[in-house]
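Here the structure comes first, spelled out in structure tokens, and everything after it is commentary.
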Amino acid sequence: MSMFRRRERRQRGGALVEFALVAPLLILLIMAALELAILFWVNLTLQHAVREGARYAVTGQGGALRDQLALQRIVDQSMGLYQRVQPVLSINRTAVNADPASVQPGTLGAGGALLVLQIDGAWPVASPLLQPWLGTAYRFHVAATMRNEAFD
């Protein structure tokens with residue numbers, strides 16, 4: 001019995017040492033998985049926002065404020081992410097000021113015209129496991145293409 005107790009005393013701290021060796025790697029892997037999930041969530045949320053803005057724009061609602069209201073719809077649907085991604089907004093392949101209030105009337109085109117809304121943005125990458133592949137910022141591009149309804 002005494003030999004069994006000696007062996008037990010020698011191995012008492014073994015699990016703690018093994019956990020101390022494995023825990024940092026495990027925490028890094030969990031952080032990397034969470035950050036990838038956040039990156040995909042940001043991308044999908046902004047894709048949804050651009051699609052909603054384009055859907056609003058092609059209906060012709062809003063009259064003279066149609067352009068500003070459609071881009072405000074993008075901001076509203078982005079769940080606060082629009083300002084955080086340093087957006088570069090393009091309308092029909094032309095970069096415009098990303099502030100919805102500064103968009104000129106008629107920018108989204110007339111009835112029957114093709115409308116292409118794009119946002120290029122970046123989201124910071126904090127995980128050291130992802131930085132070799134993504135760099136310090138995850139760059140993404142979301143777009144929606146629709147034809148304006150005949151509202152003129």
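As shown in the structure tokens, the chain order sets the letters A, B, ...; within each chain, residues go from 1, and ligands are also counted from 1 in the order they appear.
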Could you pull out the residues in chain A that DSSP calls helix (DSSP H, G or I) from the backbone, as a PyMOL selection string? chain A and resi 2-10+14-58+63-77+83-85+100-102+131-134
Check your understanding: Near segment 92-96 of chain A, counting only C-alpha atoms, which residues have an atom at most 9 Å away, once you skip same-chain residues fewer than 6 positions from it, shown as a VMD selection string?
Key -> chain A and resid 102 to 103 107 to 109 114 to 118 145
From the DSSP assignment of the backbone, select every residue of segment 18-112 of chain A that is strand (DSSP E), and format the answer as a ChimeraX atom specification. /A:88-91,94-96
### Query
Can you list, as a list in words, every protein, DNA or RNA residue that comes within 9 Å of Leu29 of chain A when you count only C-alpha atoms, leaving out same-chain residues fewer than 5 positions away?
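Returned residues: Pro24, Leu34 and Leu129 of chain A.
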Let me see the file: selected residues, C-alpha atoms, as a tab-separated table (two decimals), in the first residue's frame.
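What ended up in part-v6.tsv:
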chain	number	residue	atom	x	y	z
A	24	PRO	CA	-2.36	28.50	-24.14
A	34	LEU	CA	-14.41	32.95	-32.54
A	129	LEU	CA	-3.05	32.51	-35.57
- Pick out the residues sitting within 8 Å of segment 38-52 of chain A, and hand them over as a ChimeraX atom specification; count only C-alpha atoms, and ignore anything fewer than 5 positions along from it in its own chain. /A:73-79,81-82,117-119,123,138,140,142-144
(request) Excluding Ala101 of chain A and any residue of its chain fewer than 2 positions from it, enumerate the residues within 10 Å of it, using only C-alpha atoms, and give them as a list in words. (result) Leu65, Asp67, Gln68, Leu69, Leu71, Gln72, Asn97, Ala98, Asp99, Val103 and Gln104 of chain A
Closest of A:Arg147, A:Ala54, A:Leu25, A:Val85 to Gly121 of chain A, counting only C-alpha atoms, is A:Val85
For Arg66 of chain A, work out the shell of residues within 8 Å, counting only C-alpha atoms and skipping chain neighbours fewer than 6 positions away, then give it as a list in words.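 Returned residues: Ala57, Gly60 and Pro105 of chain A.
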Would you write out those residues with N, CA and C atoms, as a short mmCIF file (atom, residue, chain, number, x, y, z; two decimals), in the first residue's frame?
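Wrote it out as again33.cif, contents follow:
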data_model
loop_
_atom_site.label_atom_id
_atom_site.label_comp_id
_atom_site.auth_asym_id
_atom_site.auth_seq_id
_atom_site.Cartn_x
_atom_site.Cartn_y
_atom_site.Cartn_z
N ALA A 57 -33.92 50.92 -53.04
CA ALA A 57 -33.61 51.88 -54.11
C ALA A 57 -34.35 51.55 -55.40
N GLY A 60 -38.03 52.93 -56.21
CA GLY A 60 -38.29 54.32 -56.54
C GLY A 60 -38.98 55.10 -55.42
N PRO A 105 -28.80 63.51 -55.55
CA PRO A 105 -29.99 62.91 -56.17
C PRO A 105 -29.68 62.42 -57.58
#
